[in-house]
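Q: For reference, this is final_16.tsv, and it has TSV, C-alpha atoms.
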```
chain	number	residue	atom	x	y	z
I	1	MET	CA	62.76	85.40	106.39
I	2	LYS	CA	60.91	87.13	103.56
I	3	TYR	CA	62.81	88.62	100.64
I	4	LEU	CA	63.06	88.64	96.87
I	5	ILE	CA	66.19	87.95	94.81
I	6	PHE	CA	67.15	89.91	91.70
I	7	PHE	CA	69.88	89.16	89.16
I	8	ALA	CA	70.63	92.29	87.17
I	9	SER	CA	73.50	94.24	85.65
I	10	LEU	CA	72.06	97.54	86.94
I	11	SER	CA	70.41	97.15	90.30
I	12	ILE	CA	67.80	99.26	92.04
I	13	ALA	CA	70.46	100.21	94.59
I	14	ASN	CA	72.84	101.56	91.96
I	15	ALA	CA	70.05	103.57	90.34
I	16	ALA	CA	69.26	105.15	93.69
I	17	VAL	CA	72.91	106.06	94.33
I	18	ILE	CA	72.87	108.28	91.27
I	19	SER	CA	69.99	110.32	92.67
I	20	MET	CA	71.63	110.95	96.05
I	21	SER	CA	73.37	114.27	96.43
I	22	LEU	CA	75.53	114.18	99.56
I	23	PHE	CA	78.61	112.02	100.19
I	24	GLY	CA	81.11	111.11	102.89
I	25	GLY	CA	83.05	108.04	103.91
I	26	ASN	CA	86.27	106.48	105.12
I	27	TYR	CA	89.09	104.45	103.62
I	28	GLY	CA	92.62	103.22	104.29
I	29	ASP	CA	93.83	103.12	107.87
I	30	PRO	CA	91.33	104.87	108.29
I	31	HIS	CA	90.90	108.33	106.81
I	32	TYR	CA	87.50	110.01	107.08
I	33	THR	CA	85.77	112.57	104.87
I	34	THR	CA	82.72	114.05	106.57
I	35	LEU	CA	79.43	114.94	104.89
I	36	ASP	CA	80.46	118.62	105.00
I	37	GLY	CA	83.78	117.82	103.34
I	38	ASN	CA	86.33	117.85	106.18
I	39	SER	CA	89.07	115.21	106.18
I	40	TYR	CA	90.77	113.71	109.23
I	41	THR	CA	92.49	110.51	110.37
I	42	PHE	CA	91.24	108.60	113.40
I	43	ASN	CA	93.07	105.42	114.44
I	44	GLY	CA	90.64	104.19	117.05
I	45	TYR	CA	90.42	100.58	118.19
I	46	GLY	CA	86.80	99.73	118.88
I	47	GLU	CA	83.23	100.14	117.64
I	48	TYR	CA	81.93	103.64	117.02
I	49	THR	CA	78.82	105.55	116.03
I	50	TYR	CA	79.41	106.21	112.35
I	51	LEU	CA	76.28	108.03	111.18
I	52	ALA	CA	73.15	108.52	113.26
I	53	ILE	CA	70.11	110.48	112.06
I	54	SER	CA	67.79	111.91	114.68
I	55	ASP	CA	64.12	111.00	114.51
I	56	GLU	CA	61.99	113.68	112.84
I	57	ARG	CA	59.69	113.48	115.84
I	58	VAL	CA	62.47	115.16	117.83
I	59	LYS	CA	61.80	118.79	116.91
I	60	GLN	CA	65.23	120.14	117.82
I	61	ARG	CA	68.53	118.30	117.52
I	62	SER	CA	70.22	117.99	120.89
I	63	ALA	CA	73.91	118.91	121.02
I	64	ASN	CA	74.61	115.90	123.24
I	65	PHE	CA	74.27	112.46	121.70
I	66	ASN	CA	71.87	110.25	123.65
I	67	PRO	CA	72.27	106.56	122.69
I	68	ASN	CA	68.94	105.75	124.35
I	69	GLN	CA	67.01	108.12	122.10
I	70	SER	CA	65.09	106.91	119.04
I	71	TYR	CA	66.97	107.47	115.77
I	72	LYS	CA	65.63	107.29	112.25
I	73	PHE	CA	68.87	105.61	111.20
I	74	MET	CA	71.80	104.28	113.20
I	75	SER	CA	75.10	102.96	111.85
I	76	GLN	CA	78.30	101.80	113.52
I	77	ILE	CA	81.82	101.02	112.40
I	78	ARG	CA	84.50	98.69	113.77
I	79	THR	CA	88.22	99.43	113.51
I	80	ILE	CA	91.08	97.20	114.64
I	81	PRO	CA	94.91	97.39	114.61
I	82	LEU	CA	96.47	96.61	111.26
I	83	GLN	CA	98.79	94.13	112.94
I	84	ASN	CA	99.09	92.85	116.51
I	85	THR	CA	102.84	93.32	116.86
I	86	THR	CA	105.23	95.85	118.32
I	87	THR	CA	105.86	97.45	114.91
I	88	SER	CA	104.42	100.76	113.70
I	89	ALA	CA	101.70	98.78	111.92
I	90	SER	CA	100.26	97.94	115.35
I	91	LYS	CA	99.76	101.66	116.00
I	92	VAL	CA	97.37	102.27	113.12
I	93	THR	CA	93.95	100.76	112.58
I	94	VAL	CA	91.76	99.71	109.67
I	95	THR	CA	88.03	99.21	109.21
I	96	SER	CA	86.87	95.62	109.65
I	97	GLY	CA	83.12	96.01	110.11
I	98	PHE	CA	80.02	98.09	109.46
I	99	ALA	CA	76.52	97.69	110.89
I	100	ALA	CA	73.30	99.68	110.54
I	101	ARG	CA	69.53	99.67	111.02
I	102	SER	CA	66.64	102.01	110.27
I	103	ASN	CA	63.74	102.51	112.66
I	104	VAL	CA	60.95	101.23	110.40
I	105	ALA	CA	58.73	98.53	111.87
I	106	ASP	CA	60.37	95.09	112.19
I	107	ALA	CA	63.68	96.33	110.76
I	108	GLN	CA	66.71	94.13	111.39
I	109	PRO	CA	70.34	95.27	111.76
I	110	ILE	CA	72.59	94.62	108.79
I	111	SER	CA	76.18	93.68	109.66
I	112	VAL	CA	79.08	93.47	107.20
I	113	THR	CA	82.28	92.20	108.82
I	114	VAL	CA	85.61	90.62	108.00
I	115	SER	CA	85.65	87.17	109.58
I	116	ARG	CA	88.58	85.60	111.39
I	117	HIS	CA	89.09	83.55	108.21
I	118	LYS	CA	89.55	86.80	106.22
I	119	SER	CA	86.29	86.59	104.32
I	120	LEU	CA	83.30	88.92	104.12
I	121	VAL	CA	80.30	87.99	106.29
I	122	ILE	CA	76.96	89.73	105.70
I	123	CYS	CA	74.20	89.21	108.25
I	124	ARG	CA	70.65	90.38	108.77
I	125	GLY	CA	69.98	90.06	112.46
I	126	ASN	CA	71.68	86.81	113.47
I	127	GLU	CA	71.25	85.17	110.08
I	128	ILE	CA	74.20	84.91	107.69
I	129	LEU	CA	73.01	85.78	104.18
I	130	LYS	CA	73.97	83.75	101.13
I	131	PHE	CA	74.52	85.36	97.74
I	132	ILE	CA	74.40	82.76	94.97
I	133	SER	CA	73.95	83.72	91.34
I	134	ALA	CA	71.49	81.70	89.30
I	135	SER	CA	72.53	83.41	86.09
I	136	SER	CA	75.83	83.29	84.23
I	137	ASN	CA	75.02	86.66	82.66
I	138	SER	CA	75.22	88.69	85.86
I	139	ASN	CA	77.66	89.07	88.72
I	140	ASN	CA	75.20	91.02	90.87
I	141	VAL	CA	72.79	89.47	93.34
I	142	THR	CA	70.26	91.71	95.09
I	143	LEU	CA	68.21	90.72	98.13
I	144	VAL	CA	65.13	92.87	98.73
I	145	PHE	CA	63.71	93.05	102.24
I	146	HIS	CA	60.89	95.28	103.45
I	147	ASP	CA	63.35	97.65	105.17
I	148	VAL	CA	66.54	97.45	103.09
I	149	ILE	CA	67.94	96.35	99.73
I	150	ILE	CA	71.28	94.52	99.77
I	151	GLU	CA	73.28	94.13	96.58
I	152	LYS	CA	76.54	92.23	96.27
I	153	ASN	CA	78.85	91.96	93.30
I	154	LEU	CA	80.11	88.38	93.33
I	155	THR	CA	83.33	89.28	91.52
I	156	ASN	CA	84.73	92.17	93.57
I	157	GLU	CA	82.41	91.68	96.60
I	158	ILE	CA	81.42	95.35	96.65
I	159	THR	CA	78.26	95.46	98.75
I	160	THR	CA	75.63	98.20	98.57
I	161	LEU	CA	73.07	98.69	101.33
I	162	SER	CA	70.09	100.88	100.41
I	163	TRP	CA	67.46	102.09	102.84
I	164	PRO	CA	64.32	103.70	101.35
I	165	ILE	CA	64.55	106.54	103.88
I	166	GLY	CA	67.34	108.08	101.77
I	167	VAL	CA	70.56	106.42	102.98
I	168	ILE	CA	72.88	104.30	100.85
I	169	ILE	CA	76.13	102.70	102.01
I	170	GLN	CA	78.69	101.21	99.63
I	171	ILE	CA	81.27	98.88	101.18
I	172	THR	CA	84.36	97.95	99.17
I	173	PRO	CA	86.66	95.20	100.51
I	174	VAL	CA	90.33	95.86	99.76
I	175	LYS	CA	92.83	93.02	99.99
I	176	ILE	CA	96.16	93.87	101.62
I	177	THR	CA	99.38	91.87	101.53
I	178	LYS	CA	101.61	93.80	103.94
I	179	PRO	CA	102.39	93.66	106.77
I	180	ILE	CA	99.95	90.71	106.81
I	181	LEU	CA	97.36	89.23	104.49
I	182	GLY	CA	93.94	90.65	105.22
I	183	ILE	CA	90.89	92.62	104.12
I	184	VAL	CA	90.19	96.29	104.81
I	185	LEU	CA	86.77	97.86	104.25
I	186	ASN	CA	86.33	101.20	102.50
I	187	VAL	CA	82.95	102.83	103.10
I	188	ILE	CA	81.09	105.50	101.10
I	189	VAL	CA	77.93	107.14	102.44
I	190	SER	CA	75.27	108.65	100.18
I	191	LEU	CA	72.71	110.71	102.09
I	192	SER	CA	69.66	112.79	101.28
I	193	LYS	CA	70.02	116.48	102.05
I	194	ILE	CA	66.73	116.45	103.93
I	195	TYR	CA	68.74	115.31	106.96
I	196	LYS	CA	70.60	118.59	107.28
I	197	GLY	CA	71.05	119.40	110.96
I	198	GLN	CA	70.07	115.88	112.08
I	199	THR	CA	73.30	113.85	112.00
I	200	TYR	CA	75.71	112.60	114.66
I	201	GLY	CA	78.88	110.51	114.67
I	202	LEU	CA	82.17	110.19	112.84
I	203	MET	CA	80.57	111.45	109.61
I	204	GLY	CA	80.20	114.83	111.26
I	205	ASN	CA	77.54	117.37	112.09
I	206	TYR	CA	76.08	117.91	108.62
I	207	ASP	CA	74.69	121.45	108.35
I	208	ASP	CA	76.62	122.97	105.39
I	209	ASN	CA	79.02	124.59	107.88
I	210	ALA	CA	82.42	122.91	107.81
I	211	THR	CA	83.74	124.86	110.81
I	212	ASN	CA	81.50	123.04	113.31
I	213	ASP	CA	81.77	119.66	111.62
I	214	LEU	CA	83.63	117.71	114.30
I	215	GLN	CA	81.18	117.72	117.18
I	216	ASN	CA	81.83	115.06	119.79
I	217	SER	CA	79.22	113.01	121.61
I	218	LYS	CA	79.12	115.57	124.43
I	219	GLY	CA	78.26	118.39	122.05
I	220	GLU	CA	81.72	120.00	122.07
I	221	PHE	CA	83.20	121.28	118.80
I	222	ILE	CA	86.72	120.29	117.76
I	223	LYS	CA	88.54	122.29	115.10
I	224	PRO	CA	89.22	120.26	111.93
I	225	SER	CA	92.67	121.87	111.87
I	226	ASP	CA	93.56	120.48	115.32
I	227	THR	CA	96.28	117.87	115.72
I	228	VAL	CA	95.64	114.19	115.01
I	229	GLU	CA	96.07	113.48	118.72
I	230	HIS	CA	93.57	116.17	119.73
I	231	ILE	CA	90.97	114.94	117.25
I	232	HIS	CA	91.52	111.37	118.44
I	233	LYS	CA	91.11	112.12	122.15
I	234	ARG	CA	88.43	114.81	122.08
I	235	PHE	CA	86.36	113.69	119.11
I	236	GLY	CA	86.98	110.17	117.83
I	237	ILE	CA	86.99	108.04	120.97
I	238	THR	CA	83.93	109.84	122.38
I	239	TRP	CA	81.87	108.04	119.72
I	240	SER	CA	82.62	104.60	121.18
I	241	ILE	CA	79.30	102.75	121.35
I	242	ASP	CA	77.58	101.39	124.42
I	243	PRO	CA	78.15	97.60	124.15
I	244	LEU	CA	74.45	97.04	124.86
I	245	LYS	CA	73.59	99.12	121.77
I	246	SER	CA	75.78	97.19	119.33
I	247	LEU	CA	74.25	96.30	115.96
I	248	PHE	CA	77.06	93.91	115.01
I	249	TYR	CA	76.91	90.17	114.48
I	250	TYR	CA	79.63	88.41	116.51
I	251	GLU	CA	81.06	85.11	115.37
I	252	ALA	CA	81.33	82.40	118.00
I	253	GLY	CA	84.73	82.53	119.65
I	254	THR	CA	85.47	86.13	118.63
I	255	GLU	CA	85.69	89.35	120.64
I	256	SER	CA	82.54	90.84	122.16
I	257	ALA	CA	81.17	94.37	122.12
I	258	THR	CA	82.50	94.84	125.65
I	259	PHE	CA	86.01	93.93	124.48
I	260	TYR	CA	85.95	96.62	121.78
I	261	HIS	CA	84.60	99.18	124.24
I	262	GLU	CA	87.52	98.48	126.57
I	263	GLN	CA	90.10	98.65	123.76
I	264	ASN	CA	88.87	102.12	122.83
I	265	GLN	CA	90.10	103.40	126.19
I	266	ILE	CA	93.50	101.68	126.37
I	267	PHE	CA	94.74	101.66	122.77
I	268	GLN	CA	97.53	104.14	121.99
I	269	PRO	CA	97.84	104.83	118.25
I	270	MET	CA	100.52	106.60	116.23
I	271	PHE	CA	99.76	110.32	116.13
I	272	ASN	CA	102.55	111.54	113.85
I	273	ASP	CA	102.03	111.59	110.10
I	274	PRO	CA	104.95	110.11	108.14
I	275	ARG	CA	106.96	112.79	106.36
I	276	PRO	CA	109.12	112.52	103.22
I	277	ILE	CA	112.79	112.02	104.08
I	278	ARG	CA	114.10	112.00	100.49
I	279	ARG	CA	115.17	108.42	100.24
I	280	GLN	CA	114.80	105.99	97.37
I	281	LEU	CA	111.61	104.49	98.78
I	282	ASP	CA	110.00	107.93	98.91
I	283	THR	CA	110.51	108.31	95.16
I	284	ALA	CA	108.61	105.08	94.59
I	285	ILE	CA	105.82	106.26	96.92
I	286	PHE	CA	105.60	109.60	95.10
I	287	ASP	CA	105.16	107.76	91.82
I	288	ALA	CA	102.52	105.43	93.28
I	289	CYS	CA	100.58	108.36	94.76
I	290	HIS	CA	100.87	110.52	91.62
I	291	ILE	CA	102.91	113.17	93.44
I	292	SER	CA	105.20	115.09	91.11
I	293	THR	CA	108.87	115.48	91.98
I	294	ASN	CA	108.47	119.25	92.13
I	295	ALA	CA	105.70	118.92	94.72
I	296	SER	CA	107.36	116.21	96.80
I	297	GLY	CA	108.70	118.66	99.39
I	298	ASN	CA	105.58	120.83	99.49
I	299	LEU	CA	102.97	118.88	101.45
I	300	SER	CA	100.45	121.73	101.22
I	301	SER	CA	100.23	121.15	97.47
I	302	TRP	CA	99.25	117.49	97.88
I	303	SER	CA	95.61	116.53	97.58
I	304	VAL	CA	93.93	114.79	100.51
I	305	ALA	CA	93.98	111.51	98.57
I	306	GLN	CA	97.70	111.88	97.84
I	307	ARG	CA	98.51	112.53	101.50
I	308	MET	CA	96.53	109.48	102.61
I	309	CYS	CA	98.15	107.34	99.92
I	310	TYR	CA	101.61	108.38	101.12
I	311	TYR	CA	100.62	107.76	104.74
I	312	ASP	CA	99.28	104.28	104.07
I	313	ILE	CA	102.27	103.12	102.03
I	314	SER	CA	104.72	104.56	104.56
I	315	VAL	CA	103.05	102.65	107.39
I	316	THR	CA	102.36	99.35	105.62
I	317	ASN	CA	104.85	99.27	102.73
I	318	ASP	CA	101.91	97.92	100.71
I	319	PHE	CA	101.81	99.96	97.50
I	320	GLN	CA	98.58	98.41	96.29
I	321	PHE	CA	96.88	99.34	99.57
I	322	GLY	CA	98.09	102.92	99.29
I	323	GLN	CA	96.88	103.19	95.72
I	324	SER	CA	93.47	101.87	96.75
I	325	SER	CA	93.32	104.75	99.25
I	326	LEU	CA	94.31	107.17	96.49
I	327	ALA	CA	91.49	105.87	94.29
I	328	ALA	CA	88.96	105.93	97.15
I	329	GLY	CA	89.93	109.47	98.14
I	330	GLU	CA	89.64	110.69	94.56
I	331	GLU	CA	86.27	108.96	94.15
I	332	LEU	CA	84.94	110.70	97.26
I	333	ARG	CA	86.28	114.07	96.08
I	334	GLN	CA	84.61	113.70	92.69
I	335	LYS	CA	81.31	112.65	94.25
I	336	GLN	CA	81.35	115.63	96.60
I	337	GLN	CA	82.19	118.03	93.76
I	338	HIS	CA	79.33	116.61	91.72
I	339	SER	CA	77.04	116.89	94.73
I	340	ALA	CA	77.90	120.57	95.19
I	341	SER	CA	76.96	121.37	91.59
I	342	ASN	CA	73.91	119.11	91.40
I	343	ARG	CA	70.67	120.88	92.25
I	344	PHE	CA	68.47	117.87	91.57
I	345	GLU	CA	66.84	116.73	94.78
I	346	PRO	CA	67.19	113.00	95.46
I	347	ILE	CA	64.15	110.84	94.88
I	348	ILE	CA	64.28	109.25	98.30
I	349	TYR	CA	60.90	107.53	98.04
I	350	MET	CA	61.73	105.57	94.87
I	351	MET	CA	62.81	102.45	96.75
I	352	ALA	CA	59.93	102.81	99.20
I	353	ILE	CA	57.45	102.66	96.31
I	354	ILE	CA	59.21	99.63	94.83
I	355	LEU	CA	59.29	97.85	98.18
I	356	GLY	CA	55.65	98.68	98.81
I	357	ARG	CA	54.62	97.06	95.54
I	358	LEU	CA	56.75	93.99	96.14
I	359	PHE	CA	55.46	93.29	99.62
I	360	ILE	CA	51.76	94.06	99.24
```
Kindly present the structure from the file in structure tokens form.
A:
Amino acid sequence: MKYLIFFASLSIANAAVISMSLFGGNYGDPHYTTLDGNSYTFNGYGEYTYLAISDERVKQRSANFNPNQSYKFMSQIRTIPLQNTTTSASKVTVTSGFAARSNVADAQPISVTVSRHKSLVICRGNEILKFISASSNSNNVTLVFHDVIIEKNLTNEITTLSWPIGVIIQITPVKITKPILGIVLNVIVSLSKIYKGQTYGLMGNYDDNATNDLQNSKGEFIKPSDTVEHIHKRFGITWSIDPLKSLFYYEAGTESATFYHEQNQIFQPMFNDPRPIRRQLDTAIFDACHISTNASGNLSSWSVAQRMCYYDISVTNDFQFGQSSLAAGEELRQKQQHSASNRFEPIIYMMAIILGRLFI
């Protein structure tokens, strides 16, 4: 394995994030914000195509998603039930893994997963990567490969994956305490606008047209205003990956790609959003989610982040988890607002130049 290690307070990856101008992501259990700005909740149980970018050699984007086609970038996400019980917490899911690979020569898949021991495991191919700081002055360790830069903060374990083609993924592990102890992954995507009209997956059909954002793997369009159940059945589960195309690293003794593919078909989530019922607990949730008393009965006045915060606390009774969703939702909103007003084109070749010099 050939790579370089950096110890720095401001990494190459973070510098590149600033130059990117398009954002999306998912957080909580789990709530998605597409690259065109639509928000929806999809409680799937399985492994799904998250963001795929068609190869520029394909002159026209096909409406149907073909997993056997060559893609410039492919990423996948894994979601599992919050708790394996008969309670409502077993009917919602959370993100427990992310995997991706570009199509440059000799590229290896990068897999970030929550292990069965509730720790973060980062792999390149089948090799588990180690992040050990040699400096007491920095909490960041950056591994530079020819195809990707991986940065990890050793304090909060936030991991940033940067591909020189113009894709950056930030993964934030969130510790939960209810209904069980565990780790949930929040994901933010930063993407160059040159890929307009070339994307597939749960991050939506990016083309600056929010009305056709939710396009399923068969090429059918689902209205963002449709019910949670409709979006789940006609959009979300269609993005279940072919087990033979999985990019994930699987620990010995854990479930396989085939297992997750099967669960996608049989899992029945909760489709109804929790609603305020004016009890004492609701007042505490309103405070935690920064919802004013005057707005508590008017759901249309809540921001997306506030709605997701309320949803997550109502389902898990974990206030810290709900507030992490509030913060993640607000962060995504601010990034998208900044993106809309920022006319500076991203310098997508910056990392490519750096990598080229390092590996000559």
Q: Can you tell me how far atom CA of Arg61 of chain I sits from atom CA of Asn103 of chain I, in Å to one decimal?
A: 17.2 Å
Q: With all atoms listed in the file as the basis for distance, which of I:Gly322, I:Pro81, I:Pro179, I:Pro67 is at the shortest distance from Ser240 of chain I?
A: I:Pro67
Q: Would you pick out the contacts of Tyr71 of chain I at 6 Å or less, using only C-alpha atoms, so that residues sharing its chain but fewer than 4 positions from it are not included, and give the list as a compact mmCIF listing (two decimals) with C-alpha atoms, in the frame of the given file?
A:
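Saved file out27.txt follows:
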```
# COMPACT_ATOMS: atom_id res chain seq x y z
CA ILE I 53 70.11 110.48 112.06
CA SER I 54 67.79 111.91 114.68
CA ASP I 55 64.12 111.00 114.51
```
Q: Restricting the calculation to all atoms listed in the file, which member of I:Ile266, I:Ile176, I:Leu35, I:Leu247 is positioned closest to Arg124 of chain I?
A: I:Leu247
Q: Give as a PyMOL selection string the set of residues within 12 Å of the point (74.4, 83.1, 109.3), where distances use the file's coordinates and all atoms listed in the file.
A: chain I and resi 110-112+115+120-131+249-252
Q: Find the spatial neighbours of Ile183 of chain I, counting all atoms listed in the file, within a cut-off of 8 Å - ignore same-chain residues fewer than 6 positions away - and output them as a list in words.
A: Ser96, Val114, Lys118, Ser119, Pro173, Val174, Lys175 and Ile176 of chain I
Q: Residues at most 10 Å from Tyr195 of chain I, counting all atoms listed in the file, excluding those fewer than 2 positions away in the same chain, as a count of residues only?
A: 14
Q: Can you tell me, as a count of residues only, what residues are no more than 10 Å from Asn153 of chain I when counting only C-alpha atoms, ignoring any on the same chain fewer than 2 positions away?
A: 15
Q: Using only C-alpha atoms, what does the table of segment 304-335 of chain I residues within 12 Å of segment 269-273 of chain I look like, with each row giving the shortest atom pair and its distance in Å to one decimal, sorted by chain and ascending number, as a Markdown table?
A:
```
| residue | atom | partner | partner_atom | distance |
| --- | --- | --- | --- | --- |
| I:Arg307 | CA | I:Asp273 | CA | 9.3 |
| I:Met308 | CA | I:Asp273 | CA | 9.5 |
| I:Cys309 | CA | I:Asp273 | CA | 11.7 |
| I:Tyr310 | CA | I:Asp273 | CA | 9.5 |
| I:Tyr311 | CA | I:Asp273 | CA | 6.7 |
| I:Asp312 | CA | I:Asp273 | CA | 9.9 |
| I:Ile313 | CA | I:Asp273 | CA | 11.7 |
| I:Ser314 | CA | I:Asp273 | CA | 9.3 |
| I:Val315 | CA | I:Asp273 | CA | 9.4 |
```
Q: Quick one: pull the distance between atom CA of Ala107 of chain I and atom CA of Gln170 of chain I, Å, one decimal.
A: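 Result for atom CA of Ala107 of chain I versus atom CA of Gln170 of chain I: 19.3 Å, one decimal.
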Q: Provide the atom CA of Arg116 of chain I to atom CA of Gln83 of chain I distance in Å, to one decimal place.
A: 13.4 Å
Q: Applying 6 Å and only C-alpha atoms, which residues near Thr95 of chain I remain after dropping the ones on its own chain fewer than 6 positions away? List them as a PyMOL selection string.
A: chain I and resi 78-79+184-185
Q: Pick the closest to Thr49 of chain I from I:Gln320, I:Thr254, I:Ser62, I:Ser75: which is it, counting only C-alpha atoms?
A: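 Ranking I:Gln320, I:Thr254, I:Ser62, I:Ser75 by distance to Thr49 of chain I, first place goes to I:Ser75.
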Q: Give the answer as one residue: which of I:Phe23, I:Trp163, I:Phe248, I:Tyr200 has the shortest atom-to-atom distance to Gly97 of chain I, using only C-alpha atoms?
A: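 Of I:Phe23, I:Trp163, I:Phe248, I:Tyr200, the one nearest Gly97 of chain I is I:Phe248, counting only C-alpha atoms.
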